[in-house]
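Asker: Sending over input20.txt (compact mmCIF, C-alpha atoms).
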```txt
# COMPACT_ATOMS: atom_id res chain seq x y z
CA MET A 1 -3.28 -20.55 21.71
CA THR A 2 -2.36 -23.83 20.06
CA PHE A 3 -0.83 -24.38 16.63
CA SER A 4 -4.23 -25.22 15.13
CA ASP A 5 -5.80 -22.05 16.64
CA TYR A 6 -3.12 -19.98 14.92
CA LEU A 7 -3.57 -21.91 11.69
CA PHE A 8 -7.34 -21.30 11.74
CA LEU A 9 -6.90 -17.58 12.52
CA PHE A 10 -4.16 -16.83 10.00
CA GLY A 11 -5.66 -19.13 7.38
CA GLY A 12 -8.96 -17.25 7.67
CA MET A 13 -7.25 -13.87 7.66
CA GLY A 14 -5.16 -14.95 4.67
CA LEU A 15 -8.25 -15.99 2.73
CA VAL A 16 -10.13 -12.70 3.30
CA THR A 17 -6.95 -10.80 2.41
CA TYR A 18 -6.22 -12.80 -0.74
CA LEU A 19 -9.71 -12.87 -2.27
CA PRO A 20 -10.17 -9.06 -2.55
CA ARG A 21 -6.71 -8.89 -4.16
CA THR A 22 -7.19 -11.68 -6.66
CA LEU A 23 -10.87 -11.77 -7.75
CA PRO A 24 -10.99 -8.34 -9.50
CA LEU A 25 -7.71 -9.09 -11.27
CA LEU A 26 -8.81 -12.55 -12.44
CA TYR A 27 -12.12 -11.18 -13.64
CA LEU A 28 -11.11 -7.86 -15.21
CA ALA A 29 -7.82 -8.89 -16.84
CA HIS A 30 -9.73 -11.14 -19.25
CA LYS A 31 -12.38 -8.59 -20.19
CA GLN A 32 -12.36 -5.78 -22.67
CA LEU A 33 -12.75 -2.87 -20.27
CA PRO A 34 -15.04 -0.01 -21.35
CA GLN A 35 -13.35 3.36 -21.84
CA TRP A 36 -15.20 5.04 -18.96
CA LEU A 37 -13.97 2.34 -16.53
CA ILE A 38 -10.37 2.76 -17.70
CA GLU A 39 -10.62 6.52 -17.20
CA TRP A 40 -12.20 6.10 -13.78
CA LEU A 41 -9.60 3.51 -12.71
CA SER A 42 -6.78 5.82 -13.85
CA LEU A 43 -7.90 8.30 -11.18
CA ILE A 44 -7.91 5.62 -8.46
CA PRO A 45 -4.17 5.64 -7.61
CA VAL A 46 -4.00 9.38 -6.91
CA ALA A 47 -7.24 9.16 -4.92
CA VAL A 48 -6.09 6.16 -2.85
CA LEU A 49 -2.69 7.69 -2.07
CA SER A 50 -4.22 10.99 -1.08
CA ALA A 51 -6.87 9.29 1.05
CA LEU A 52 -4.23 7.18 2.81
CA LEU A 53 -1.99 10.17 3.43
CA ALA A 54 -4.26 13.10 4.33
CA PRO A 55 -5.63 11.91 7.70
CA SER A 56 -2.10 11.20 8.96
CA LEU A 57 -1.06 14.77 8.06
CA PHE A 58 -4.11 16.75 9.17
CA THR A 59 -5.62 14.83 12.09
CA ASP A 60 -4.68 13.45 15.46
CA VAL A 61 -5.06 9.80 14.50
CA ALA A 62 -5.47 8.49 18.06
CA GLU A 63 -8.11 11.06 19.07
CA ARG A 64 -9.67 11.43 15.63
CA SER A 65 -9.66 15.21 15.85
CA PHE A 66 -8.56 17.89 13.38
CA SER A 67 -4.98 18.98 13.96
CA LEU A 68 -3.17 21.57 11.85
CA GLY A 69 0.59 22.04 12.12
CA LYS A 70 1.51 18.49 13.08
CA LEU A 71 5.14 17.49 12.74
CA GLU A 72 4.10 15.05 10.01
CA PHE A 73 2.53 17.90 8.03
CA ILE A 74 5.39 20.38 8.53
CA VAL A 75 7.92 17.81 7.32
CA ALA A 76 5.63 16.85 4.42
CA ILE A 77 6.05 20.29 2.78
CA PRO A 78 9.83 20.18 2.15
CA THR A 79 9.53 16.45 1.40
CA LEU A 80 6.91 17.22 -1.25
CA LEU A 81 9.09 19.95 -2.77
CA PHE A 82 12.05 17.58 -2.84
CA ALA A 83 9.92 14.93 -4.60
CA LEU A 84 8.67 17.49 -7.15
CA LYS A 85 12.21 18.67 -7.84
CA THR A 86 14.13 15.38 -7.95
CA ARG A 87 11.44 12.74 -8.74
CA SER A 88 13.57 10.30 -6.75
CA LEU A 89 11.62 7.83 -4.63
CA GLY A 90 14.51 6.57 -2.52
CA GLY A 91 15.88 10.08 -2.06
CA THR A 92 12.51 11.43 -0.96
CA VAL A 93 12.12 8.64 1.61
CA LEU A 94 15.57 9.37 3.06
CA VAL A 95 15.05 13.17 3.07
CA GLY A 96 11.65 12.74 4.73
CA MET A 97 13.08 10.46 7.42
CA LEU A 98 16.04 12.76 8.07
CA LEU A 99 13.86 15.87 8.34
CA TYR A 100 11.36 14.10 10.59
CA TRP A 101 14.16 12.94 12.84
CA LEU A 102 15.91 16.36 12.99
CA VAL A 103 12.78 18.50 13.32
CA GLY A 104 11.59 16.09 16.03
CA PHE A 105 14.61 17.15 18.10
CA ILE A 106 13.89 20.86 17.65
CA ILE A 107 10.15 20.79 18.38
CA MET B 1 -7.93 -18.73 -25.56
CA LYS B 2 -5.94 -15.69 -26.50
CA SER B 3 -2.60 -16.29 -28.21
CA ARG B 4 0.41 -15.46 -26.08
CA ASP B 5 2.50 -12.44 -26.86
CA TYR B 6 5.98 -13.93 -26.97
CA SER B 7 7.69 -10.60 -27.57
CA LYS B 8 6.93 -9.70 -23.97
CA GLU B 9 8.17 -12.96 -22.49
CA ILE B 10 11.37 -12.95 -20.52
CA PHE B 11 14.31 -14.72 -22.10
CA PRO B 12 17.06 -16.18 -19.88
CA SER B 13 19.61 -13.50 -20.80
CA SER B 14 17.43 -10.72 -19.42
CA ARG B 15 16.34 -12.47 -16.23
CA LYS B 16 19.15 -10.89 -14.27
CA LYS B 17 18.16 -7.45 -15.54
CA THR B 18 14.53 -8.11 -14.61
CA PHE B 19 15.55 -9.06 -11.10
CA GLN B 20 17.80 -6.01 -10.77
CA ASP B 21 15.07 -3.64 -11.98
CA GLY B 22 12.53 -5.20 -9.63
CA ALA B 23 14.91 -5.02 -6.68
CA THR B 24 15.89 -1.39 -7.43
CA ALA B 25 12.25 -0.34 -7.48
CA ALA B 26 11.54 -2.35 -4.32
CA TRP B 27 14.18 -0.86 -2.03
CA PRO B 28 12.21 2.22 -0.88
CA ILE B 29 9.36 -0.14 0.04
CA CYS B 30 11.77 -2.36 1.95
CA LEU B 31 13.20 0.66 3.76
CA GLY B 32 9.69 1.39 4.98
CA TYR B 33 8.85 -2.24 5.78
CA ILE B 34 11.86 -2.90 8.00
CA PRO B 35 10.95 -0.51 10.87
CA ILE B 36 7.25 -1.33 10.63
CA GLY B 37 7.93 -5.06 10.48
CA LEU B 38 10.26 -4.81 13.48
CA ALA B 39 7.61 -2.84 15.39
CA LEU B 40 4.98 -5.46 14.59
CA GLY B 41 7.34 -8.21 15.73
CA VAL B 42 8.01 -6.48 19.06
CA LEU B 43 4.30 -5.92 19.64
CA ALA B 44 3.48 -9.54 18.78
CA GLN B 45 6.17 -10.79 21.14
CA GLN B 46 4.78 -8.63 23.97
CA THR B 47 1.32 -10.04 23.25
CA GLY B 48 2.74 -13.54 23.64
CA LEU B 49 2.90 -14.76 20.05
CA PRO B 50 5.78 -17.17 19.38
CA TRP B 51 8.11 -16.39 16.46
CA TRP B 52 6.71 -19.20 14.31
CA ALA B 53 3.18 -17.80 14.65
CA VAL B 54 4.40 -14.39 13.45
CA ALA B 55 6.16 -16.11 10.55
CA MET B 56 2.97 -18.00 9.69
CA MET B 57 0.95 -14.78 9.85
CA SER B 58 3.34 -12.83 7.61
CA VAL B 59 3.41 -15.65 5.03
CA LEU B 60 -0.35 -16.30 4.98
CA VAL B 61 -1.64 -12.74 5.42
CA PHE B 62 1.02 -10.22 4.22
CA ALA B 63 -1.05 -7.13 5.07
CA GLY B 64 0.66 -4.80 7.51
CA SER B 65 -2.30 -2.87 8.88
CA ALA B 66 -4.44 -6.01 9.27
CA GLN B 67 -1.59 -7.74 11.09
CA PHE B 68 -1.25 -4.83 13.53
CA ILE B 69 -4.99 -4.91 14.17
CA CYS B 70 -4.85 -8.67 14.67
CA VAL B 71 -2.13 -8.38 17.31
CA ALA B 72 -4.02 -5.55 19.05
CA MET B 73 -7.24 -7.60 19.05
CA LEU B 74 -5.47 -10.72 20.36
CA ALA B 75 -4.03 -8.57 23.14
CA VAL B 76 -7.53 -7.64 24.35
CA GLY B 77 -8.85 -11.17 23.89
CA SER B 78 -11.10 -10.77 20.83
CA SER B 79 -12.64 -13.85 19.27
CA LEU B 80 -10.96 -15.34 16.21
CA PRO B 81 -13.98 -14.85 13.86
CA ALA B 82 -14.14 -11.17 14.91
CA ILE B 83 -10.47 -10.73 13.96
CA ILE B 84 -11.03 -12.43 10.60
CA PHE B 85 -14.04 -10.24 9.84
CA THR B 86 -12.14 -7.07 10.75
CA THR B 87 -9.33 -8.18 8.42
CA LEU B 88 -11.84 -8.54 5.59
CA VAL B 89 -13.17 -5.01 6.14
CA VAL B 90 -9.70 -3.49 6.39
CA ASN B 91 -8.48 -5.22 3.23
CA LEU B 92 -11.50 -4.52 1.02
CA ARG B 93 -9.63 -1.49 -0.32
CA HIS B 94 -7.41 -3.88 -2.26
CA THR B 95 -10.30 -4.71 -4.61
CA LEU B 96 -9.90 -1.18 -6.00
CA MET B 97 -6.14 -1.58 -6.42
CA SER B 98 -6.52 -5.02 -7.99
CA SER B 99 -9.05 -3.57 -10.47
CA ALA B 100 -6.73 -0.70 -11.40
CA LEU B 101 -3.81 -3.10 -11.97
CA ALA B 102 -5.96 -5.24 -14.29
CA VAL B 103 -5.73 -2.47 -16.92
CA TYR B 104 -2.01 -3.24 -17.28
CA LEU B 105 -2.32 -7.04 -17.23
CA PRO B 106 -4.82 -7.83 -20.00
CA GLY B 107 -5.06 -11.48 -21.03
CA VAL B 108 -2.26 -12.60 -18.69
CA SER B 109 -2.54 -16.23 -17.56
CA ARG B 110 -4.65 -16.85 -14.48
CA ARG B 111 -1.78 -18.71 -12.83
CA PHE B 112 0.39 -15.62 -13.05
CA LEU B 113 -2.41 -13.38 -11.81
CA ALA B 114 -3.07 -15.68 -8.85
CA LEU B 115 0.59 -15.48 -7.85
CA PHE B 116 0.80 -11.74 -8.50
CA ALA B 117 -2.33 -10.92 -6.50
CA TYR B 118 -0.77 -12.33 -3.33
CA GLY B 119 1.69 -9.43 -3.26
CA ILE B 120 -0.71 -6.53 -3.86
CA THR B 121 -0.22 -4.12 -0.96
CA ASP B 122 -0.71 -0.34 -0.71
CA GLU B 123 3.00 0.11 -1.31
CA SER B 124 3.61 -2.39 -4.14
CA PHE B 125 0.44 -1.17 -5.84
CA ALA B 126 1.58 2.45 -5.80
CA VAL B 127 5.07 1.71 -7.10
CA ASN B 128 3.94 -0.78 -9.77
CA MET B 129 1.18 1.54 -11.05
CA THR B 130 3.64 4.41 -11.40
CA ARG B 131 6.11 2.24 -13.30
CA PHE B 132 3.44 0.67 -15.52
CA ARG B 133 2.23 4.15 -16.45
CA ASN B 134 5.77 5.22 -17.35
CA GLU B 135 5.86 2.21 -19.68
CA ASP B 136 9.27 1.06 -18.49
CA TRP B 137 7.73 -1.84 -16.60
CA ASP B 138 6.43 -5.34 -17.25
CA ARG B 139 4.64 -7.98 -15.23
CA TRP B 140 7.79 -9.94 -14.37
CA ARG B 141 9.46 -6.87 -12.88
CA ALA B 142 6.25 -6.14 -10.99
CA LEU B 143 6.12 -9.73 -9.69
CA THR B 144 9.77 -9.53 -8.62
CA LEU B 145 9.05 -6.32 -6.72
CA ASN B 146 6.07 -7.90 -4.95
CA HIS B 147 8.04 -10.90 -3.81
CA ILE B 148 11.12 -9.00 -2.67
CA ALA B 149 8.87 -6.73 -0.60
CA ASN B 150 7.11 -9.80 0.81
CA PHE B 151 10.39 -11.51 1.66
CA VAL B 152 11.70 -8.40 3.47
CA TRP B 153 8.39 -8.08 5.34
CA ILE B 154 8.51 -11.69 6.59
CA PHE B 155 12.17 -11.30 7.55
CA ALA B 156 11.54 -7.98 9.37
CA THR B 157 8.54 -9.23 11.38
CA ILE B 158 10.37 -12.37 12.55
CA THR B 159 13.45 -10.33 13.40
CA GLY B 160 11.19 -7.99 15.37
CA VAL B 161 10.08 -10.86 17.61
CA LEU B 162 13.64 -12.04 18.17
CA VAL B 163 15.65 -8.82 18.62
CA GLY B 164 13.10 -6.00 18.42
CA GLN B 165 13.59 -4.76 21.97
CA LEU B 166 17.10 -3.62 21.06
CA VAL B 167 15.84 -1.11 18.45
CA PRO B 168 15.27 2.32 20.04
CA GLN B 169 11.87 3.89 19.41
CA GLY B 170 11.77 6.33 16.51
CA ALA B 171 15.48 6.10 15.68
CA PHE B 172 16.56 7.93 12.49
CA GLY B 173 13.02 8.99 11.68
CA ILE B 174 12.11 5.49 10.52
CA ASP B 175 8.49 6.14 11.45
CA TYR B 176 8.30 8.56 8.54
CA ALA B 177 9.58 6.18 5.85
CA LEU B 178 6.20 5.13 4.46
CA THR B 179 4.77 8.67 4.68
CA GLY B 180 7.74 9.94 2.66
CA MET B 181 7.20 7.21 0.11
CA PHE B 182 3.48 7.94 -0.26
CA ILE B 183 4.25 11.66 -0.75
CA CYS B 184 6.66 10.91 -3.58
CA LEU B 185 4.35 8.35 -5.21
CA LEU B 186 1.57 10.93 -5.05
CA VAL B 187 3.82 13.40 -6.89
CA PHE B 188 4.44 10.77 -9.59
CA GLN B 189 0.69 10.43 -10.10
CA LEU B 190 0.11 14.16 -10.70
CA GLN B 191 0.18 14.04 -14.49
CA GLY B 192 -2.33 16.77 -15.25
CA ARG B 193 -4.81 19.14 -13.69
CA ILE B 194 -7.53 16.52 -13.21
CA TYR B 195 -5.16 14.36 -11.14
CA ILE B 196 -4.30 17.30 -8.87
CA ILE B 197 -8.01 18.11 -8.42
CA THR B 198 -8.83 14.45 -7.71
CA GLY B 199 -6.00 14.25 -5.17
CA LEU B 200 -7.17 17.39 -3.37
CA LEU B 201 -10.76 16.12 -3.32
CA ALA B 202 -9.61 12.77 -1.92
CA ALA B 203 -7.60 14.53 0.81
CA LEU B 204 -10.55 16.71 1.81
CA ILE B 205 -13.10 13.87 1.76
CA SER B 206 -10.85 11.40 3.57
CA VAL B 207 -10.09 13.86 6.40
CA CYS B 208 -13.82 14.62 6.88
CA TRP B 209 -14.74 10.93 6.59
CA PHE B 210 -11.97 9.93 9.02
CA LEU B 211 -13.18 12.48 11.58
CA LEU B 212 -16.88 11.67 11.28
CA ILE B 213 -17.07 7.91 10.73
CA PRO B 214 -15.29 5.38 12.95
CA GLY B 215 -13.34 2.53 11.41
CA ASP B 216 -11.27 2.30 8.24
CA SER B 217 -13.92 2.95 5.59
CA TYR B 218 -12.45 6.41 4.85
CA ILE B 219 -9.81 4.99 2.49
CA VAL B 220 -12.23 3.19 0.18
CA GLY B 221 -15.01 5.76 0.63
CA ALA B 222 -12.89 8.82 -0.12
CA SER B 223 -11.10 7.12 -3.02
CA ILE B 224 -14.33 6.15 -4.77
CA CYS B 225 -15.97 9.54 -4.16
CA ALA B 226 -12.94 11.53 -5.35
CA ALA B 227 -12.29 9.38 -8.44
CA THR B 228 -15.99 9.56 -9.41
CA LEU B 229 -16.14 13.34 -8.92
CA GLY B 230 -12.89 13.70 -10.86
CA TYR B 231 -14.23 11.52 -13.67
CA PHE B 232 -17.43 13.58 -14.04
CA LEU B 233 -15.52 16.88 -13.83
CA GLN B 234 -13.29 15.67 -16.65
CA ARG B 235 -16.27 14.63 -18.77
CA TYR B 236 -18.11 17.90 -18.11
CA HIS B 237 -14.99 19.86 -19.01
CA ARG B 238 -14.60 17.93 -22.26
CA ARG B 239 -18.22 18.54 -23.26
CA GLU B 240 -17.86 22.27 -22.57
CA LYS B 241 -15.06 22.39 -25.12
```
Translate this structure into structure tokens?
Answerer:
Amino acid sequence: MTFSDYLFLFGGMGLVTYLPRTLPLLYLAHKQLPQWLIEWLSLIPVAVLSALLAPSLFTDVAERSFSLGKLEFIVAIPTLLFALKTRSLGGTVLVGMLLYWLVGFII
Amino acid sequence: MKSRDYSKEIFPSSRKKTFQDGATAAWPICLGYIPIGLALGVLAQQTGLPWWAVAMMSVLVFAGSAQFICVAMLAVGSSLPAIIFTTLVVNLRHTLMSSALAVYLPGVSRRFLALFAYGITDESFAVNMTRFRNEDWDRWRALTLNHIANFVWIFATITGVLVGQLVPQGAFGIDYALTGMFICLLVFQLQGRIYIITGLLAALISVCWFLLIPGDSYIVGASICAATLGYFLQRYHRREK
């Protein structure tokens, strides 16, 4: 591909990435939001995080089949407990990586 | 026009502190971005993208999953409009995140919002929302975090093209960095029973949705369903009292 092919592709991708990120912010930040919307939006982060995470813990992502007892899930339990106990983001990331690495050797 | 709130503006003496706070909050994101960025770079190089094209992509797009899909689609010879359309579908979830962030940025200038929106990713969204809720955060720290994460991402993807083959697969559990981060951010969000219920509902719905419906709609679909169910449960519970 030539330089202009890449520019067209990444320019187009950039536009359709940027607009969903910017339009709601530009519109909603200058509005008085109704209480119900604020309450609904406050539940969005926990829902998004859980929705991002759950399939990677409970399914075989490549085959799209249910899979209980994956390494990702087993390691997630002590990682979750560590996060609950310490509330340290960096620490949890390191503990999760370390456990995943070590348990990967054993299994 | 709304009058500006000068008490929240950053004065020169505290700029260094703002940068430090933003950088401190950004490092777990960066830790996750480095292995993923390297992996993307290696993949792109194998597909035949030159380093400057990867740099251009990371600057213009800055969306990890969409960039992976783009490289995979280029590898099988997809058309450019098809790749752009897929990117749109994959990134529609950010409209939800952008809306949720708007609650913490009322009346902020459109120029700032336009710059801030560029850096909204799954990761920066989750960290910034947690910090905003704890009320030890402001928009300048959030913007700093976004741009440090972006800089590390660009750096990691280019490095991946240049030296990626030297990094052994799966070394030090780096594949688990983002999962570990999402787990901890999820814990931060659990600030009451309704949040736990909403999280469990989202997990259940997203797994079912992921198994039954092809594509990436499970993230947006499960989030909206779970938040809506959670909202009505909360309202019903309040009325019962």
Asker: Looking at only C-alpha atoms, which of B:Ala227, B:Leu105, B:Lys16, B:Ile69 is the one that sits closest to Ile196 (chain B)?
Answerer: B:Ala227
Asker: Please identify every residue of chain B that has at least one atom no more than 6 Å from any atom of chain A, counting only C-alpha atoms, and report them as a VMD selection string.
Answerer: chain B and resid 28 57 60 to 61 80 84 88 91 to 92 94 to 95 98 to 100 102 105 to 107 117 172 to 174 176 to 177 180 to 181 184 189 199 202 to 203 206 to 207 211 219 223 227 231
Asker: Can you tell me which residues surround Ile154 (chain B) at a distance of at most 6 Å, considering all atoms listed in the file, apart from same-chain residues fewer than 3 positions away, and format the answer as a PyMOL selection string?
Answerer: chain B and resi 58+151+157
Asker: Would you save the residues of that selection, restricted to C-alpha atoms, as a compact mmCIF listing (two decimals), in the coordinates of the input?
Answerer:
```txt
# COMPACT_ATOMS: atom_id res chain seq x y z
CA SER B 58 3.34 -12.83 7.61
CA PHE B 151 10.39 -11.51 1.66
CA THR B 157 8.54 -9.23 11.38
```
